[in-house]
>>> print(open('upload08.txt').read())   # compact mmCIF, C-alpha atoms
# COMPACT_ATOMS: atom_id res chain seq x y z
CA MET A 660 0.00 0.00 0.00
CA THR A 661 1.43 3.41 -0.97
CA PRO A 662 1.75 6.18 1.69
CA GLU A 663 -0.91 8.12 -0.26
CA HIS A 664 -3.36 5.22 0.02
CA ARG A 665 -2.58 4.76 3.72
CA LEU A 666 -3.18 8.46 4.37
CA ARG A 667 -6.54 8.37 2.56
CA LEU A 668 -7.58 5.15 4.29
CA LYS A 669 -6.81 6.29 7.83
CA THR A 670 -8.46 9.68 7.20
CA LEU A 671 -11.56 7.92 5.87
CA LEU A 672 -11.56 5.64 8.94
CA MET A 673 -11.34 8.58 11.37
CA VAL A 674 -13.98 10.66 9.56
CA SER A 675 -16.33 7.63 9.48
CA LEU A 676 -15.81 7.10 13.24
CA MET A 677 -16.47 10.83 13.78
CA VAL A 678 -19.76 10.60 11.88
CA VAL A 679 -20.86 7.45 13.76
CA CYS A 680 -19.91 8.81 17.20
CA ALA A 681 -21.57 12.21 16.57
CA ASN A 682 -24.81 10.68 15.28
CA VAL A 683 -25.11 7.97 17.95
CA GLY A 684 -24.17 10.54 20.62
CA ASP A 685 -26.84 13.00 19.45
CA LEU A 686 -29.45 10.25 19.26
CA LEU A 687 -28.67 9.02 22.81
CA LEU A 688 -28.64 12.60 24.12
CA LYS A 689 -32.08 13.17 22.61
CA ARG A 690 -33.36 9.89 24.14
CA GLY A 691 -31.82 10.76 27.52
CA MET A 692 -33.34 14.23 27.58
CA LEU A 693 -36.76 12.76 26.69
CA GLN A 694 -36.39 10.50 29.75
CA VAL A 695 -35.48 13.55 31.89
CA GLY A 696 -38.47 15.50 30.55
CA ALA A 697 -38.95 19.12 29.51
CA VAL A 698 -36.79 21.50 31.54
CA GLN A 699 -38.60 24.49 33.03
CA ILE A 700 -36.69 27.78 33.22
CA SER A 701 -36.37 28.40 36.96
CA PRO A 702 -33.35 27.94 39.27
CA SER A 703 -34.89 25.01 41.17
CA ALA A 704 -36.12 23.27 37.98
CA ILE A 705 -32.70 23.66 36.31
CA ARG A 706 -30.99 22.25 39.44
CA GLN A 707 -33.43 19.32 39.42
CA ALA A 708 -32.84 18.74 35.67
CA LEU A 709 -29.06 18.78 36.19
CA LEU A 710 -29.37 16.17 38.95
CA SER A 711 -31.64 14.04 36.76
CA THR A 712 -29.21 14.19 33.82
CA MET A 713 -26.31 13.22 36.12
CA HIS A 714 -28.20 10.11 37.20
CA ASN A 715 -29.26 9.14 33.67
CA GLY A 716 -27.22 6.30 32.12
CA THR A 717 -28.31 7.13 28.56
CA ILE A 718 -26.90 10.65 28.90
CA TRP A 719 -23.57 9.30 30.21
CA LEU A 720 -23.44 6.92 27.24
CA ALA A 721 -24.16 9.88 24.92
CA ILE A 722 -21.32 11.86 26.55
CA LEU A 723 -19.01 8.87 25.99
CA PHE A 724 -19.83 8.86 22.25
CA LEU A 725 -19.40 12.65 22.03
CA VAL A 726 -15.99 12.37 23.74
CA GLY A 727 -15.23 9.64 21.16
CA PHE A 728 -16.15 12.11 18.41
CA THR A 729 -13.77 14.73 19.87
CA VAL A 730 -10.91 12.20 20.13
CA CYS A 731 -11.44 11.09 16.50
CA TYR A 732 -11.59 14.74 15.37
CA MET A 733 -8.37 15.58 17.25
CA THR A 734 -6.64 12.52 15.79
CA ALA A 735 -7.82 13.24 12.24
CA VAL A 736 -6.66 16.88 12.22
CA SER A 737 -3.27 15.85 13.63
CA TRP A 738 -2.37 14.73 10.09
CA ALA A 739 -5.20 15.85 7.77
CA ASP A 740 -6.22 19.37 6.72
CA TYR A 741 -8.94 21.13 8.69
CA SER A 742 -10.49 22.19 5.36
CA TYR A 743 -10.66 18.46 4.45
CA VAL A 744 -11.97 16.99 7.73
CA MET A 745 -14.58 19.70 8.46
CA PRO A 746 -16.71 19.35 5.29
CA ALA A 747 -16.25 15.56 5.23
CA GLY A 748 -17.79 15.41 8.73
CA ALA A 749 -20.99 16.93 7.29
CA PHE A 750 -21.64 13.56 5.67
CA GLY A 751 -23.42 12.74 8.94
CA TYR A 752 -26.41 14.87 7.86
CA ALA A 753 -26.83 12.66 4.79
CA VAL A 754 -26.60 9.53 6.96
CA GLN A 755 -29.17 10.96 9.41
CA THR A 756 -31.67 11.65 6.62
CA THR A 757 -31.19 8.22 5.07
CA LEU A 758 -31.62 6.54 8.48
CA ALA A 759 -34.76 8.62 9.13
CA VAL A 760 -36.28 7.27 5.90
CA VAL A 761 -35.04 3.67 6.07
CA VAL A 762 -35.32 2.98 9.83
CA LEU A 763 -37.95 5.41 11.11
CA HIS A 764 -39.99 5.52 7.84
CA GLU A 765 -40.17 9.32 8.11
CA ALA A 766 -41.35 11.38 5.15
CA VAL A 767 -38.58 13.59 3.78
CA ASN A 768 -39.39 16.48 1.46
CA ALA A 769 -37.71 17.25 -1.87
CA GLU A 770 -35.74 20.25 -0.52
CA ARG A 771 -34.11 18.02 2.09
CA TRP A 772 -33.13 15.45 -0.56
CA ILE A 773 -31.60 18.26 -2.62
CA GLY A 774 -29.63 19.27 0.50
CA VAL A 775 -28.46 15.67 1.01
CA THR A 776 -27.40 15.44 -2.65
CA LEU A 777 -25.43 18.71 -2.36
CA ILE A 778 -23.67 17.38 0.78
CA VAL A 779 -22.80 14.04 -0.86
CA VAL A 780 -21.46 15.69 -4.04
CA GLY A 781 -19.59 18.30 -1.95
CA VAL A 782 -18.00 15.62 0.26
CA LEU A 783 -17.04 13.58 -2.83
CA LEU A 784 -15.40 16.67 -4.37
CA VAL A 785 -13.46 17.40 -1.16
CA GLY A 786 -12.59 13.69 -0.90
CA GLN A 787 -10.87 13.83 -4.30
CA THR A 788 -8.39 16.44 -3.05
CA HIS A 789 -5.24 15.53 -1.11
CA PRO A 790 -6.08 15.09 2.62
CA SER A 791 -2.92 16.82 3.78
CA THR A 792 -1.35 19.89 2.17
CA THR A 793 0.80 21.02 5.09
CA LYS A 794 3.91 19.48 6.63
CA ASN A 795 2.93 17.20 9.50
CA LYS A 796 4.97 16.35 12.53
CA VAL A 797 5.14 12.61 13.26
CA VAL A 798 6.10 11.72 16.79
CA LEU A 799 7.85 8.38 17.11
CA SER A 800 8.06 6.81 20.50
CA MET B 293 -31.74 42.57 14.35
CA THR B 294 -28.36 44.20 15.02
CA ARG B 295 -27.80 42.12 18.15
CA VAL B 296 -28.60 38.90 16.18
CA VAL B 297 -26.06 39.81 13.46
CA LEU B 298 -23.42 40.73 16.06
CA LEU B 299 -23.96 37.51 18.00
CA LEU B 300 -23.87 35.50 14.74
CA ILE B 301 -20.49 37.02 13.87
CA PHE B 302 -19.31 36.31 17.44
CA PHE B 303 -20.57 32.69 17.20
CA ILE B 304 -18.84 32.08 13.84
CA CYS B 305 -15.57 33.63 15.12
CA CYS B 306 -15.60 31.50 18.31
CA SER B 307 -16.58 28.29 16.52
CA THR B 308 -14.11 28.63 13.65
CA GLY B 309 -11.42 30.05 15.94
CA GLY B 310 -11.81 27.13 18.35
CA GLU B 311 -11.57 24.51 15.60
CA ILE B 312 -8.59 26.21 13.96
CA ALA B 313 -6.80 26.53 17.33
CA MET B 314 -7.44 22.83 18.01
CA THR B 315 -6.15 21.85 14.56
CA HIS B 316 -3.03 24.00 15.02
CA GLY B 317 -2.44 22.41 18.43
CA MET B 318 -2.84 18.86 17.11
CA LYS B 319 -0.45 19.59 14.21
CA GLN B 320 2.12 20.74 16.78
CA VAL B 321 1.51 17.68 18.97
CA GLY B 322 2.08 15.38 15.99
CA GLU B 323 0.02 12.44 14.81
CA PRO B 324 -0.05 9.09 16.65
CA GLU B 325 2.65 6.79 15.31
CA ARG B 326 0.05 4.02 14.86
CA LEU B 327 -3.73 3.82 15.11
CA ARG B 328 -3.62 1.43 18.07
CA LEU B 329 -4.89 1.99 21.62
CA LEU B 330 -1.57 2.74 23.33
CA PRO B 331 -0.17 5.13 20.67
CA VAL B 332 -3.52 6.98 20.56
CA LEU B 333 -3.54 7.25 24.39
CA ARG B 334 0.03 8.58 24.26
CA PHE B 335 -1.12 11.07 21.60
CA LEU B 336 -3.99 12.19 23.87
CA GLY B 337 -1.54 12.53 26.77
CA ARG B 338 0.56 14.90 24.65
CA ALA B 339 -2.57 16.68 23.38
CA ILE B 340 -3.90 17.59 26.83
CA ARG B 341 -0.58 19.31 27.56
CA SER B 342 -1.05 21.54 24.50
CA GLY B 343 -1.91 25.14 25.33
CA TRP B 344 -3.77 25.42 22.02
CA LEU B 345 -6.24 22.73 23.11
CA TRP B 346 -7.03 24.66 26.30
CA PHE B 347 -7.42 27.82 24.22
CA ALA B 348 -9.75 25.99 21.79
CA LEU B 349 -12.06 24.27 24.29
CA PRO B 350 -13.44 27.46 25.97
CA LEU B 351 -13.95 29.02 22.51
CA LEU B 352 -15.95 25.97 21.41
CA ALA B 353 -17.99 26.04 24.63
CA ILE B 354 -18.71 29.77 24.16
CA SER B 355 -19.73 29.15 20.53
CA PHE B 356 -22.14 26.40 21.68
CA TYR B 357 -23.83 28.70 24.21
CA SER B 358 -23.91 31.55 21.67
CA LEU B 359 -25.77 29.23 19.30
CA LEU B 360 -28.29 28.40 22.02
CA ILE B 361 -28.86 32.12 22.70
CA LEU B 362 -29.16 32.81 18.96
CA LEU B 363 -31.80 30.10 18.65
CA SER B 364 -33.80 31.80 21.40
CA TRP B 365 -33.50 35.20 19.70
CA ALA B 366 -34.05 34.41 16.00
CA PRO B 367 -35.96 31.86 13.90
CA LEU B 368 -34.25 28.59 13.01
CA SER B 369 -34.56 29.48 9.31
CA VAL B 370 -32.25 32.46 9.92
CA VAL B 371 -29.78 30.99 12.42
CA ILE B 372 -29.06 27.63 10.75
CA PRO B 373 -28.19 28.81 7.20
CA ALA B 374 -26.05 31.53 8.75
CA SER B 375 -24.27 29.03 10.99
CA ALA B 376 -23.67 26.72 7.99
CA PHE B 377 -21.58 29.64 6.72
CA ASN B 378 -19.02 28.32 9.25
CA TYR B 379 -17.79 25.91 6.53
CA VAL B 380 -16.81 28.78 4.25
CA VAL B 381 -15.28 30.92 7.03
CA GLY B 382 -13.44 27.83 8.33
CA THR B 383 -11.95 27.20 4.88
CA PHE B 384 -10.72 30.82 4.71
CA GLY B 385 -9.19 30.29 8.18
CA ALA B 386 -7.56 27.06 7.02
CA LYS B 387 -6.10 28.81 3.98
CA TYR B 388 -4.81 31.99 5.63
CA LEU B 389 -4.07 30.91 9.22
CA LEU B 390 -3.15 27.22 8.86
CA LYS B 391 -1.59 27.78 5.41
CA GLU B 392 -3.47 24.84 3.85
CA ARG B 393 -3.61 24.70 0.06
CA VAL B 394 -7.29 24.91 -0.85
CA SER B 395 -7.78 23.93 -4.48
CA PRO B 396 -10.76 25.15 -6.57
CA LYS B 397 -12.19 21.60 -6.32
CA ARG B 398 -12.07 21.72 -2.50
CA TRP B 399 -13.65 25.21 -2.53
CA ALA B 400 -16.47 23.91 -4.75
CA GLY B 401 -17.01 20.98 -2.38
CA VAL B 402 -17.06 23.23 0.69
CA VAL B 403 -19.61 25.61 -0.86
CA MET B 404 -21.85 22.65 -1.86
CA VAL B 405 -21.62 21.18 1.65
CA CYS B 406 -22.44 24.59 3.15
CA LEU B 407 -25.56 24.98 0.97
CA GLY B 408 -26.57 21.35 1.54
CA VAL B 409 -26.26 21.56 5.35
CA ALA B 410 -28.31 24.78 5.39
CA LEU B 411 -31.02 23.15 3.25
CA VAL B 412 -31.12 19.91 5.30
CA LEU B 413 -31.28 21.70 8.66
CA VAL B 414 -33.87 24.29 7.61
CA THR B 415 -36.18 21.64 6.13
CA GLY B 416 -35.45 19.08 8.89
>>> encode(input="upload08.txt", output="C-alpha cells")
Amino acid sequence: MTPEHRLRLKTLLMVSLMVVCANVGDLLLKRGMLQVGAVQISPSAIRQALLSTMHNGTIWLAILFLVGFTVCYMTAVSWADYSYVMPAGAFGYAVQTTLAVVVLHEAVNAERWIGVTLIVVGVLLVGQTHPSTTKNKVVLS
Amino acid sequence: MTRVVLLLIFFICCSTGGEIAMTHGMKQVGEPERLRLLPVLRFLGRAIRSGWLWFALPLLAISFYSLLILLSWAPLSVVIPASAFNYVVGTFGAKYLLKERVSPKRWAGVVMVCLGVALVLVTG
C-alpha cells in the first residue's frame, strides 16, 4: 500500500468514526433528555434537571460517544487538513436523513433530498483532493 | 436585528477560531505513530498538555452557548443557514491561518456542503 493510500484510508476511517460517534451521541442525548423531561426555566427546575441528567445512564453513554467524536476529530486533524476533515464530517447529515427514511420511515421532502445530494457531491469533491497539504509532525516513540 | 447579526459574527468567530486553534495544536503535537490503543492514548496525553487545546475548548464552549442564545432570539430558518456559513469561514481560516492549500475543487465541495447543510437543517 502506498503512503498516499494509507493516508486516505486512515483519514476515511477517522472521519467515518467521527460521523458514527456524533450521530449515535446526538441520538442518545435526545433519548436521555426525553427520559429527563422538559426542563422548566427556573433555578430550582434547572438544578433538578441537572441532577436528573447526572443520574441518567443514557446521557452518560451519549457523553461517551461525544468524547469519542472529539478524540477522532483531534486525531484526524493531527495529520489531515482542517479544510478536508470539516466538510467531510458533514456527511453525517446525509446519513441521518437516510436513516430517518429507512429505519424510522419518516417522510422527507424534496428540498431536504436536494440538500443531502449537495452534501454528498460536496463531500465527494473534497474527498478527491489531497487530505494533507501542510507538513505534519510525526512523533515516534 | 443588530444584536442577532453581532452575536452570529461572534458565534462564527468563536466556533471557527476554536476549531482552527485545536487543529493547530494537534499539528504541533504530531500524529499518533500508529492507530492502536496505546499510541492513541500517548497522543492524547501529549494533546492535553497543548496550550492550544485549552485555548480551543473554551472558545468551542462559548460558541455552543452563543448558538443556544441565537436560537432563542431568532428563527431557526435564519440561524441555521447563517451558521452553515461556518464551513466557508473555516476554509478561509484554514487557507490563511493554517496555510493549507485549498484547491478550486475543494472550494467547490465546501460551498456545496455549506448549501446542503443549510437546506437539510432548515427543512429538517
>>> interface_residues(input="upload08.txt", of="chain A", to="chain B", cutoff="7 Å", atoms="all atoms listed in the file", output="count of residues only")
27
>>> atom_distance(input="upload08.txt", atom1="CA of Ala753 (chain A)", atom2="CA of Met677 (chain A)")
13.8 Å
>>> closest_residue(input="upload08.txt", among="A:Asn715, A:Thr729, A:Gln707, A:Gln694", to="Val679 (chain A)", atoms="all atoms listed in the file")
A:Thr729
>>> axis_aligned_box(input="upload08.txt", around="region 313-323 of chain B", padding_each_side="6 Å", output="lines of an AutoDock Vina configuration file")
center_x = -2.7
center_y = 19.5
center_z = 16.6
size_x = 21.6
size_y = 26.1
size_z = 16.8
>>> atom_distance(input="upload08.txt", atom1="CA of Val730 (chain A)", atom2="CA of Lys689 (chain A)")
21.3 Å
>>> atom_distance(input="upload08.txt", atom1="CA of Thr756 (chain A)", atom2="CA of Trp772 (chain A)")
8.3 Å
>>> residues_around(input="upload08.txt", residues="Leu363 (chain B)", least_positions_apart="4", cutoff="12 Å", atoms="all atoms listed in the file", output="number ranges by chain")
B: 296, 299-300, 303, 356-359, 367-372, 374-375
>>> closest_residue(input="upload08.txt", among="B:Leu330, B:Ile301, B:Gly309, B:Met293", to="Leu349 (chain B)", atoms="all atoms listed in the file")
B:Gly309
>>> residues_around(input="upload08.txt", residues="Met673 (chain A)", least_positions_apart="4", cutoff="7 Å", atoms="only C-alpha atoms", output="NGL selection string")
:A and (669 or 677 or 731 or 735)
>>> closest_residue(input="upload08.txt", among="A:Met745, A:Leu693, A:Ala766, A:Ile705", to="Val381 (chain B)", atoms="all atoms listed in the file")
A:Met745
>>> residues_near_point(input="upload08.txt", point="(-28.1, 9.7, 21.6)", cutoff="9 Å", atoms="all atoms listed in the file", output="list in words")
Ala681, Asn682, Val683, Gly684, Asp685, Leu686, Leu687, Leu688, Lys689, Arg690, Gly691, Thr717, Ile718, Leu720, Ala721, Ile722 and Phe724 of chain A
>>> write_last_selection(input="upload08.txt", atoms="C-alpha atoms", output="compact mmCIF listing (two decimals), in the coordinates of the input")
# COMPACT_ATOMS: atom_id res chain seq x y z
CA ALA A 681 -21.57 12.21 16.57
CA ASN A 682 -24.81 10.68 15.28
CA VAL A 683 -25.11 7.97 17.95
CA GLY A 684 -24.17 10.54 20.62
CA ASP A 685 -26.84 13.00 19.45
CA LEU A 686 -29.45 10.25 19.26
CA LEU A 687 -28.67 9.02 22.81
CA LEU A 688 -28.64 12.60 24.12
CA LYS A 689 -32.08 13.17 22.61
CA ARG A 690 -33.36 9.89 24.14
CA GLY A 691 -31.82 10.76 27.52
CA THR A 717 -28.31 7.13 28.56
CA ILE A 718 -26.90 10.65 28.90
CA LEU A 720 -23.44 6.92 27.24
CA ALA A 721 -24.16 9.88 24.92
CA ILE A 722 -21.32 11.86 26.55
CA PHE A 724 -19.83 8.86 22.25
>>> decode(input="upload08.txt", residues="region 332-369 of chain B", atoms="N, CA and C atoms", output="PDB file, in the first residue's frame")
ATOM      1  N   VAL B 332      -2.489   5.928  20.552  1.00  0.00           N
ATOM      2  CA  VAL B 332      -3.521   6.983  20.564  1.00  0.00           C
ATOM      3  C   VAL B 332      -3.621   7.571  21.980  1.00  0.00           C
ATOM      4  N   LEU B 333      -3.509   6.727  23.014  1.00  0.00           N
ATOM      5  CA  LEU B 333      -3.540   7.245  24.394  1.00  0.00           C
ATOM      6  C   LEU B 333      -2.335   8.144  24.659  1.00  0.00           C
ATOM      7  N   ARG B 334      -1.164   7.744  24.104  1.00  0.00           N
ATOM      8  CA  ARG B 334       0.035   8.583  24.260  1.00  0.00           C
ATOM      9  C   ARG B 334      -0.173   9.926  23.542  1.00  0.00           C
ATOM     10  N   PHE B 335      -0.806   9.860  22.368  1.00  0.00           N
ATOM     11  CA  PHE B 335      -1.117  11.072  21.600  1.00  0.00           C
ATOM     12  C   PHE B 335      -2.033  11.989  22.425  1.00  0.00           C
ATOM     13  N   LEU B 336      -3.065  11.395  23.059  1.00  0.00           N
ATOM     14  CA  LEU B 336      -3.992  12.193  23.873  1.00  0.00           C
ATOM     15  C   LEU B 336      -3.279  12.795  25.082  1.00  0.00           C
ATOM     16  N   GLY B 337      -2.332  12.022  25.641  1.00  0.00           N
ATOM     17  CA  GLY B 337      -1.539  12.529  26.766  1.00  0.00           C
ATOM     18  C   GLY B 337      -0.752  13.770  26.365  1.00  0.00           C
ATOM     19  N   ARG B 338      -0.182  13.725  25.149  1.00  0.00           N
ATOM     20  CA  ARG B 338       0.563  14.901  24.652  1.00  0.00           C
ATOM     21  C   ARG B 338      -0.412  16.042  24.351  1.00  0.00           C
ATOM     22  N   ALA B 339      -1.595  15.666  23.799  1.00  0.00           N
ATOM     23  CA  ALA B 339      -2.571  16.684  23.376  1.00  0.00           C
ATOM     24  C   ALA B 339      -3.085  17.493  24.564  1.00  0.00           C
ATOM     25  N   ILE B 340      -3.344  16.826  25.704  1.00  0.00           N
ATOM     26  CA  ILE B 340      -3.902  17.590  26.833  1.00  0.00           C
ATOM     27  C   ILE B 340      -2.869  18.528  27.464  1.00  0.00           C
ATOM     28  N   ARG B 341      -1.599  18.370  27.068  1.00  0.00           N
ATOM     29  CA  ARG B 341      -0.577  19.309  27.558  1.00  0.00           C
ATOM     30  C   ARG B 341      -0.384  20.471  26.579  1.00  0.00           C
ATOM     31  N   SER B 342      -1.170  20.464  25.492  1.00  0.00           N
ATOM     32  CA  SER B 342      -1.049  21.536  24.498  1.00  0.00           C
ATOM     33  C   SER B 342      -1.877  22.746  24.927  1.00  0.00           C
ATOM     34  N   GLY B 343      -1.218  23.901  24.969  1.00  0.00           N
ATOM     35  CA  GLY B 343      -1.915  25.140  25.328  1.00  0.00           C
ATOM     36  C   GLY B 343      -3.013  25.472  24.327  1.00  0.00           C
ATOM     37  N   TRP B 344      -2.788  25.111  23.060  1.00  0.00           N
ATOM     38  CA  TRP B 344      -3.765  25.421  22.018  1.00  0.00           C
ATOM     39  C   TRP B 344      -5.081  24.694  22.263  1.00  0.00           C
ATOM     40  N   LEU B 345      -5.009  23.473  22.818  1.00  0.00           N
ATOM     41  CA  LEU B 345      -6.241  22.726  23.112  1.00  0.00           C
ATOM     42  C   LEU B 345      -7.048  23.463  24.172  1.00  0.00           C
ATOM     43  N   TRP B 346      -6.339  23.975  25.206  1.00  0.00           N
ATOM     44  CA  TRP B 346      -7.034  24.665  26.300  1.00  0.00           C
ATOM     45  C   TRP B 346      -7.481  26.060  25.895  1.00  0.00           C
ATOM     46  N   PHE B 347      -6.926  26.565  24.785  1.00  0.00           N
ATOM     47  CA  PHE B 347      -7.416  27.818  24.217  1.00  0.00           C
ATOM     48  C   PHE B 347      -8.668  27.516  23.376  1.00  0.00           C
ATOM     49  N   ALA B 348      -8.644  26.353  22.697  1.00  0.00           N
ATOM     50  CA  ALA B 348      -9.749  25.990  21.788  1.00  0.00           C
ATOM     51  C   ALA B 348     -11.021  25.599  22.547  1.00  0.00           C
ATOM     52  N   LEU B 349     -10.879  24.808  23.610  1.00  0.00           N
ATOM     53  CA  LEU B 349     -12.064  24.273  24.293  1.00  0.00           C
ATOM     54  C   LEU B 349     -13.009  25.365  24.822  1.00  0.00           C
ATOM     55  N   PRO B 350     -12.499  26.412  25.529  1.00  0.00           N
ATOM     56  CA  PRO B 350     -13.438  27.461  25.966  1.00  0.00           C
ATOM     57  C   PRO B 350     -14.115  28.164  24.788  1.00  0.00           C
ATOM     58  N   LEU B 351     -13.350  28.370  23.694  1.00  0.00           N
ATOM     59  CA  LEU B 351     -13.949  29.025  22.512  1.00  0.00           C
ATOM     60  C   LEU B 351     -15.103  28.180  21.961  1.00  0.00           C
ATOM     61  N   LEU B 352     -14.903  26.854  21.922  1.00  0.00           N
ATOM     62  CA  LEU B 352     -15.951  25.973  21.407  1.00  0.00           C
ATOM     63  C   LEU B 352     -17.160  25.950  22.355  1.00  0.00           C
ATOM     64  N   ALA B 353     -16.889  26.002  23.665  1.00  0.00           N
ATOM     65  CA  ALA B 353     -17.986  26.041  24.634  1.00  0.00           C
ATOM     66  C   ALA B 353     -18.772  27.349  24.485  1.00  0.00           C
ATOM     67  N   ILE B 354     -18.038  28.466  24.326  1.00  0.00           N
ATOM     68  CA  ILE B 354     -18.706  29.773  24.162  1.00  0.00           C
ATOM     69  C   ILE B 354     -19.539  29.769  22.884  1.00  0.00           C
ATOM     70  N   SER B 355     -18.987  29.173  21.808  1.00  0.00           N
ATOM     71  CA  SER B 355     -19.732  29.151  20.533  1.00  0.00           C
ATOM     72  C   SER B 355     -21.011  28.337  20.684  1.00  0.00           C
ATOM     73  N   PHE B 356     -20.948  27.235  21.466  1.00  0.00           N
ATOM     74  CA  PHE B 356     -22.136  26.398  21.678  1.00  0.00           C
ATOM     75  C   PHE B 356     -23.231  27.202  22.405  1.00  0.00           C
ATOM     76  N   TYR B 357     -22.831  27.929  23.475  1.00  0.00           N
ATOM     77  CA  TYR B 357     -23.831  28.699  24.214  1.00  0.00           C
ATOM     78  C   TYR B 357     -24.332  29.890  23.390  1.00  0.00           C
ATOM     79  N   SER B 358     -23.468  30.461  22.551  1.00  0.00           N
ATOM     80  CA  SER B 358     -23.907  31.551  21.670  1.00  0.00           C
ATOM     81  C   SER B 358     -24.981  31.051  20.715  1.00  0.00           C
ATOM     82  N   LEU B 359     -24.783  29.814  20.227  1.00  0.00           N
ATOM     83  CA  LEU B 359     -25.771  29.235  19.296  1.00  0.00           C
ATOM     84  C   LEU B 359     -27.110  29.040  20.015  1.00  0.00           C
ATOM     85  N   LEU B 360     -27.052  28.581  21.266  1.00  0.00           N
ATOM     86  CA  LEU B 360     -28.295  28.398  22.023  1.00  0.00           C
ATOM     87  C   LEU B 360     -29.018  29.736  22.199  1.00  0.00           C
ATOM     88  N   ILE B 361     -28.246  30.793  22.516  1.00  0.00           N
ATOM     89  CA  ILE B 361     -28.861  32.123  22.700  1.00  0.00           C
ATOM     90  C   ILE B 361     -29.441  32.608  21.376  1.00  0.00           C
ATOM     91  N   LEU B 362     -28.681  32.394  20.289  1.00  0.00           N
ATOM     92  CA  LEU B 362     -29.158  32.808  18.958  1.00  0.00           C
ATOM     93  C   LEU B 362     -30.485  32.144  18.624  1.00  0.00           C
ATOM     94  N   LEU B 363     -30.573  30.845  18.958  1.00  0.00           N
ATOM     95  CA  LEU B 363     -31.798  30.102  18.645  1.00  0.00           C
ATOM     96  C   LEU B 363     -32.986  30.632  19.458  1.00  0.00           C
ATOM     97  N   SER B 364     -32.701  31.236  20.616  1.00  0.00           N
ATOM     98  CA  SER B 364     -33.801  31.796  21.398  1.00  0.00           C
ATOM     99  C   SER B 364     -34.168  33.202  20.924  1.00  0.00           C
ATOM    100  N   TRP B 365     -33.260  33.846  20.175  1.00  0.00           N
ATOM    101  CA  TRP B 365     -33.501  35.204  19.695  1.00  0.00           C
ATOM    102  C   TRP B 365     -34.104  35.253  18.291  1.00  0.00           C
ATOM    103  N   ALA B 366     -33.680  34.323  17.427  1.00  0.00           N
ATOM    104  CA  ALA B 366     -34.053  34.414  16.002  1.00  0.00           C
ATOM    105  C   ALA B 366     -34.604  33.083  15.508  1.00  0.00           C
ATOM    106  N   PRO B 367     -35.409  33.121  14.419  1.00  0.00           N
ATOM    107  CA  PRO B 367     -35.964  31.864  13.901  1.00  0.00           C
ATOM    108  C   PRO B 367     -34.865  30.927  13.383  1.00  0.00           C
ATOM    109  N   LEU B 368     -35.171  29.631  13.462  1.00  0.00           N
ATOM    110  CA  LEU B 368     -34.247  28.585  13.007  1.00  0.00           C
ATOM    111  C   LEU B 368     -33.833  28.823  11.552  1.00  0.00           C
ATOM    112  N   SER B 369     -34.810  29.286  10.740  1.00  0.00           N
ATOM    113  CA  SER B 369     -34.556  29.483   9.308  1.00  0.00           C
ATOM    114  C   SER B 369     -33.532  30.577   9.050  1.00  0.00           C
TER     115      SER B 369
END
